[in-house]
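K.L.:
Structure file protein.txt (compact mmCIF, C-alpha atoms) is given on the next line.
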# COMPACT_ATOMS: atom_id res chain seq x y z
CA MET J 18 -19.64 -21.29 -36.13
CA ASN J 19 -19.87 -18.21 -38.26
CA ARG J 20 -16.84 -16.00 -38.63
CA PRO J 21 -17.40 -12.26 -38.72
CA GLY J 22 -17.20 -10.67 -42.12
CA PRO J 23 -14.44 -8.27 -43.14
CA ASP J 24 -16.78 -5.30 -42.78
CA SER J 25 -18.01 -6.11 -39.27
CA PRO J 26 -17.24 -3.65 -36.43
CA ASP J 27 -14.82 -6.09 -34.78
CA GLN J 28 -12.73 -6.39 -37.92
CA SER J 29 -12.55 -2.62 -38.44
CA ALA J 30 -11.11 -2.25 -34.93
CA ASN J 31 -8.41 -4.77 -35.86
CA LYS J 32 -7.64 -2.78 -39.02
CA ASP J 33 -7.17 0.37 -36.92
CA ASP J 34 -4.87 -1.50 -34.57
CA ASP J 35 -2.90 -2.84 -37.51
CA ALA J 36 -2.54 0.64 -38.95
CA VAL J 37 -1.29 2.01 -35.65
CA TRP J 38 1.16 -0.86 -35.31
CA LEU J 39 2.51 -0.39 -38.85
CA ASP J 40 2.90 3.35 -38.22
CA LEU J 41 4.85 2.66 -35.02
CA VAL J 42 7.13 0.16 -36.73
CA ALA J 43 7.75 2.57 -39.62
CA ARG J 44 8.66 5.39 -37.24
CA LEU J 45 11.02 3.18 -35.26
CA GLU J 46 12.71 1.88 -38.39
CA SER J 47 13.23 5.40 -39.70
CA MET J 48 14.78 6.57 -36.41
CA PRO J 49 18.58 6.50 -36.60
CA SER J 50 20.07 4.00 -34.18
CA SER J 51 22.59 6.61 -33.05
CA ALA J 52 19.69 8.53 -31.50
CA LEU J 53 19.66 5.99 -28.68
CA ASP J 54 23.33 6.62 -27.95
CA ASP J 55 22.90 10.39 -28.12
CA ALA J 56 19.92 10.45 -25.75
CA PRO J 57 20.10 13.42 -23.37
CA THR J 58 21.11 12.60 -19.83
CA ALA J 59 19.99 14.30 -16.64
CA GLU J 60 22.66 17.00 -17.02
CA GLU J 61 22.05 17.62 -20.73
CA PRO J 62 18.61 19.05 -21.51
CA ALA J 63 16.87 17.75 -24.60
CA SER J 64 17.15 20.13 -27.51
CA GLY J 65 14.53 20.32 -30.20
CA SER J 66 16.92 21.63 -32.82
CA GLY J 67 16.93 18.39 -34.77
CA THR J 68 20.73 18.22 -34.98
CA GLU J 69 20.80 14.46 -34.65
CA PRO J 70 23.24 12.79 -37.00
CA GLY J 71 21.76 10.89 -39.90
CA PRO J 72 22.07 7.18 -40.38
CA GLY J 73 25.56 6.05 -41.23
CA PRO J 74 26.72 2.98 -43.09
CA ASP J 75 26.61 0.92 -39.88
CA ASP J 76 23.00 1.91 -39.18
CA VAL J 77 21.50 0.10 -42.15
CA PRO J 78 19.17 -2.67 -40.97
CA GLY J 79 20.45 -6.15 -41.70
CA ARG J 80 24.11 -5.23 -41.41
CA SER J 81 26.14 -5.92 -38.32
CA SER J 82 27.44 -2.89 -36.52
CA SER J 83 30.55 -2.48 -34.44
CA ARG J 84 28.48 -1.76 -31.33
CA SER J 85 27.78 -4.48 -28.80
CA PHE J 86 24.79 -5.21 -26.61
CA GLN J 87 26.37 -3.28 -23.73
CA ASP J 88 26.32 -0.13 -25.86
CA PHE J 89 22.51 -0.17 -25.97
CA ASP J 90 21.41 2.11 -23.14
CA PRO J 91 18.01 3.71 -23.84
CA LEU J 92 17.76 5.17 -20.33
CA GLY J 93 21.21 6.75 -20.38
CA LEU J 94 22.33 4.93 -17.25
CA SER J 95 25.86 4.15 -18.43
CA GLY J 96 26.70 7.85 -18.61
CA VAL J 97 25.41 8.33 -15.07
CA SER J 98 27.58 5.53 -13.69
CA GLN J 99 30.61 6.87 -15.54
CA ARG J 100 29.96 10.36 -14.17
CA SER J 101 29.50 9.09 -10.62
CA ALA J 102 32.73 7.10 -10.90
CA ALA J 103 34.49 10.23 -12.16
CA GLU J 104 33.03 12.32 -9.31
CA GLU J 105 34.07 9.69 -6.79
CA ALA J 106 37.60 9.65 -8.17
CA ALA J 107 37.72 13.44 -8.05
CA GLY J 108 36.61 13.40 -4.41
CA SER J 109 33.59 15.64 -4.89
CA GLY J 110 32.40 14.82 -1.37
CA ALA J 111 28.99 13.61 -2.52
CA THR J 112 27.86 10.69 -0.39
CA GLY J 113 25.17 8.17 -1.09
CA PRO J 114 23.47 5.50 0.95
CA ARG J 115 26.10 2.89 0.12
CA ASP J 116 29.04 5.14 1.00
CA TYR J 117 28.66 4.49 4.72
CA ASP J 118 30.18 1.65 6.70
CA VAL J 119 28.39 -0.04 9.56
CA GLU J 120 30.13 1.32 12.61
CA ASP J 121 27.93 0.05 15.41
CA GLU J 122 27.84 -3.72 15.03
CA ASN J 123 26.81 -4.37 18.64
CA GLY J 124 23.82 -2.00 18.68
CA PHE J 125 20.90 -4.44 18.77
CA VAL J 126 21.18 -8.01 19.92
CA PRO J 127 17.84 -9.86 20.10
CA GLU J 128 17.26 -11.92 23.19
CA ASP J 129 17.34 -15.69 22.91
CA PRO J 130 13.92 -17.29 22.53
CA PRO J 131 12.75 -19.28 25.52
CA SER J 132 13.57 -22.98 25.54
CA LEU J 133 10.84 -25.41 24.59
CA ALA J 134 11.99 -27.72 27.38
CA GLY J 135 10.41 -25.42 29.97
CA THR J 136 7.04 -25.26 28.23
CA GLU J 137 3.97 -26.68 29.91
CA PRO J 138 3.20 -30.16 28.54
CA LEU J 139 -0.45 -29.29 27.91
CA THR J 140 0.52 -26.21 25.88
CA MET J 141 3.00 -28.25 23.86
CA LEU J 142 0.32 -30.89 23.14
CA ALA J 143 -2.09 -28.13 22.12
CA TRP J 144 0.43 -26.75 19.62
CA ILE J 145 1.06 -30.24 18.25
CA GLY J 146 -2.72 -30.73 17.87
CA ALA J 147 -3.23 -27.31 16.24
CA VAL J 148 -0.46 -27.82 13.70
CA GLY J 149 -0.68 -31.58 13.37
CA GLY J 150 -4.46 -31.77 12.97
CA PRO J 151 -4.65 -30.21 9.49
CA LEU J 152 -1.54 -32.14 8.44
CA ALA J 153 -3.09 -35.38 9.65
CA LEU J 154 -6.31 -34.61 7.74
CA LEU J 155 -4.29 -33.88 4.60
CA PHE J 156 -2.29 -37.11 4.84
CA THR J 157 -5.44 -39.06 5.63
CA ALA J 158 -7.11 -37.69 2.49
CA MET J 159 -4.03 -38.48 0.39
CA PHE J 160 -2.94 -41.88 1.69
CA TRP J 161 -5.77 -43.45 3.73
CA ARG J 162 -8.88 -42.86 1.68
CA SER J 163 -10.88 -45.55 3.41
CA ALA J 164 -10.31 -44.06 6.87
CA PRO J 165 -13.27 -44.60 9.19
CA LEU J 166 -15.40 -41.58 9.94
CA LEU J 167 -14.56 -41.92 13.63
CA ALA J 168 -10.82 -41.38 12.92
CA VAL J 169 -11.49 -38.27 10.82
CA MET J 170 -13.85 -36.87 13.46
CA GLY J 171 -11.24 -37.59 16.17
CA ILE J 172 -8.56 -35.65 14.26
CA LEU J 173 -10.98 -32.77 13.73
CA ALA J 174 -12.02 -32.74 17.41
CA THR J 175 -8.36 -32.77 18.50
CA PHE J 176 -7.60 -29.83 16.23
CA LEU J 177 -10.57 -27.79 17.46
CA ALA J 178 -9.85 -28.53 21.13
CA SER J 179 -6.20 -27.53 20.68
CA VAL J 180 -7.11 -24.24 19.01
CA VAL J 181 -9.71 -23.41 21.68
CA TYR J 182 -7.18 -24.17 24.45
CA LEU J 183 -4.53 -21.92 22.85
CA ILE J 184 -7.02 -19.08 22.42
CA MET J 185 -8.14 -19.40 26.06
CA LYS J 186 -4.50 -19.16 27.21
CA LEU J 187 -4.08 -15.74 25.59
CA PRO J 188 -3.79 -12.85 28.06
CA GLN J 189 -7.19 -11.40 28.92
CA GLU J 190 -6.09 -7.92 29.97
CA LYS J 191 -3.87 -5.47 28.19
CA ASP J 192 -0.72 -4.16 29.85
CA GLU J 193 -1.16 -0.38 30.08
CA ASN J 194 2.62 0.23 30.13
CA ASP J 195 3.17 -1.66 26.89
CA ASP J 196 3.95 0.70 24.01
CA GLY J 197 3.85 -2.07 21.40
CA ALA J 198 7.56 -1.92 20.65
CA ARG J 199 8.11 -5.53 21.70
CA VAL J 200 6.50 -8.59 20.25
Please, can you express the file's structure as structure tokens?
P.N.:
Amino acid sequence: MNRPGPDSPDQSANKDDDAVWLDLVARLESMPSSALDDAPTAEEPASGSGTEPGPGPDDVPGRSSSRSFQDFDPLGLSGVSQRSAAEEAAGSGATGPRDYDVEDENGFVPEDPPSLAGTEPLTMLAWIGAVGGPLALLFTAMFWRSAPLLAVMGILATFLASVVYLIMKLPQEKDENDDGARV
């Protein structure tokens, strides 16, 4: 295989990408780390005055700083949670979705599903054939590779007959008073 030369169009695109990447890294390294802590929050508008403090002795790369991982908050969410805790303590009256208790515990009680003991035997066999047919084919393919064609065709016929029976048992007419609220 031939490798593209350094002057090929593909390689020049990589050089542009490398230049962009190096520019991004240089800008991020020159940004003082305290700029992340002083990020404006929702209440404080961003000011373009450039009054950000310069890098201090703890901001030099390679040195450990006194800040921990929890101090890193680029989205400014820690200030929001501290403000909301302060507002809650002050009793500002602001309510959120989690400030409410569930008062009506007995509002909706679903009805018990019907017992399978009262099901028609033919319907129960059809469900067993519809669910068990594909499972039987799967286990036959996995564990009984030399199964006779007649056994495989019997499982397939049982599955198809079960599905056809269940489809034929579906209601043929629609109830006009049904608003679709119940399943």
K.L.:
Using all atoms listed in the file, determine which residues lie at most 12 Å from J:Ile172, disregarding the query and same-chain residues fewer than 6 positions distant; provide the list as a list in words.
P.N.:
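Counting all atoms listed in the file, the residues come to Ile145, Gly146, Ala147, Val148, Gly149, Gly150, Pro151, Leu152, Ala153, Leu154, Leu155, Phe156, Thr157, Ala164, Pro165, Leu166, Ala178 and Ser179 of chain J.
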K.L.:
How many Å lie between atom CA of J:Trp144 and atom CA of J:Val180, rounded to one decimal?
P.N.:
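Separation of atom CA of J:Trp144 and atom CA of J:Val180: 8.0 Å.
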K.L.:
In Å to one decimal, how far is atom CA of J:Val169 from atom CA of J:Val181?
P.N.:
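Separation of atom CA of J:Val181 and atom CA of J:Val169: 18.5 Å.
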K.L.:
Between atom CA of J:Thr140 and atom CA of J:Thr175, what distance in Å does the model show, to one decimal?
P.N.:
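So the two atoms, atom CA of J:Thr140 and atom CA of J:Thr175, lie 13.3 Å apart.
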K.L.:
For a quick check of understanding, using only C-alpha atoms, which of J:Asp196, J:Phe176, J:Asp40, J:Ser47 has the smallest distance to J:Leu142?
P.N.:
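Among the listed residues, the smallest separation from J:Leu142 belongs to J:Phe176.
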K.L.:
Which residue is closest to J:Leu177? Choose from J:Glu128, J:Gln189, J:Leu39, J:Ala143 and count all atoms listed in the file.
P.N.:
J:Ala143
K.L.:
Hey, could you pull the box centre and edge lengths for stretch 127-132 of chain J, axis-aligned, 6 Å padding per side, all listed atoms, to one decimal in Å, as AutoDock Vina command-line options?
P.N.:
--center_x 15.3 --center_y -16.4 --center_z 22.8 --size_x 17.1 --size_y 25.1 --size_z 17.4
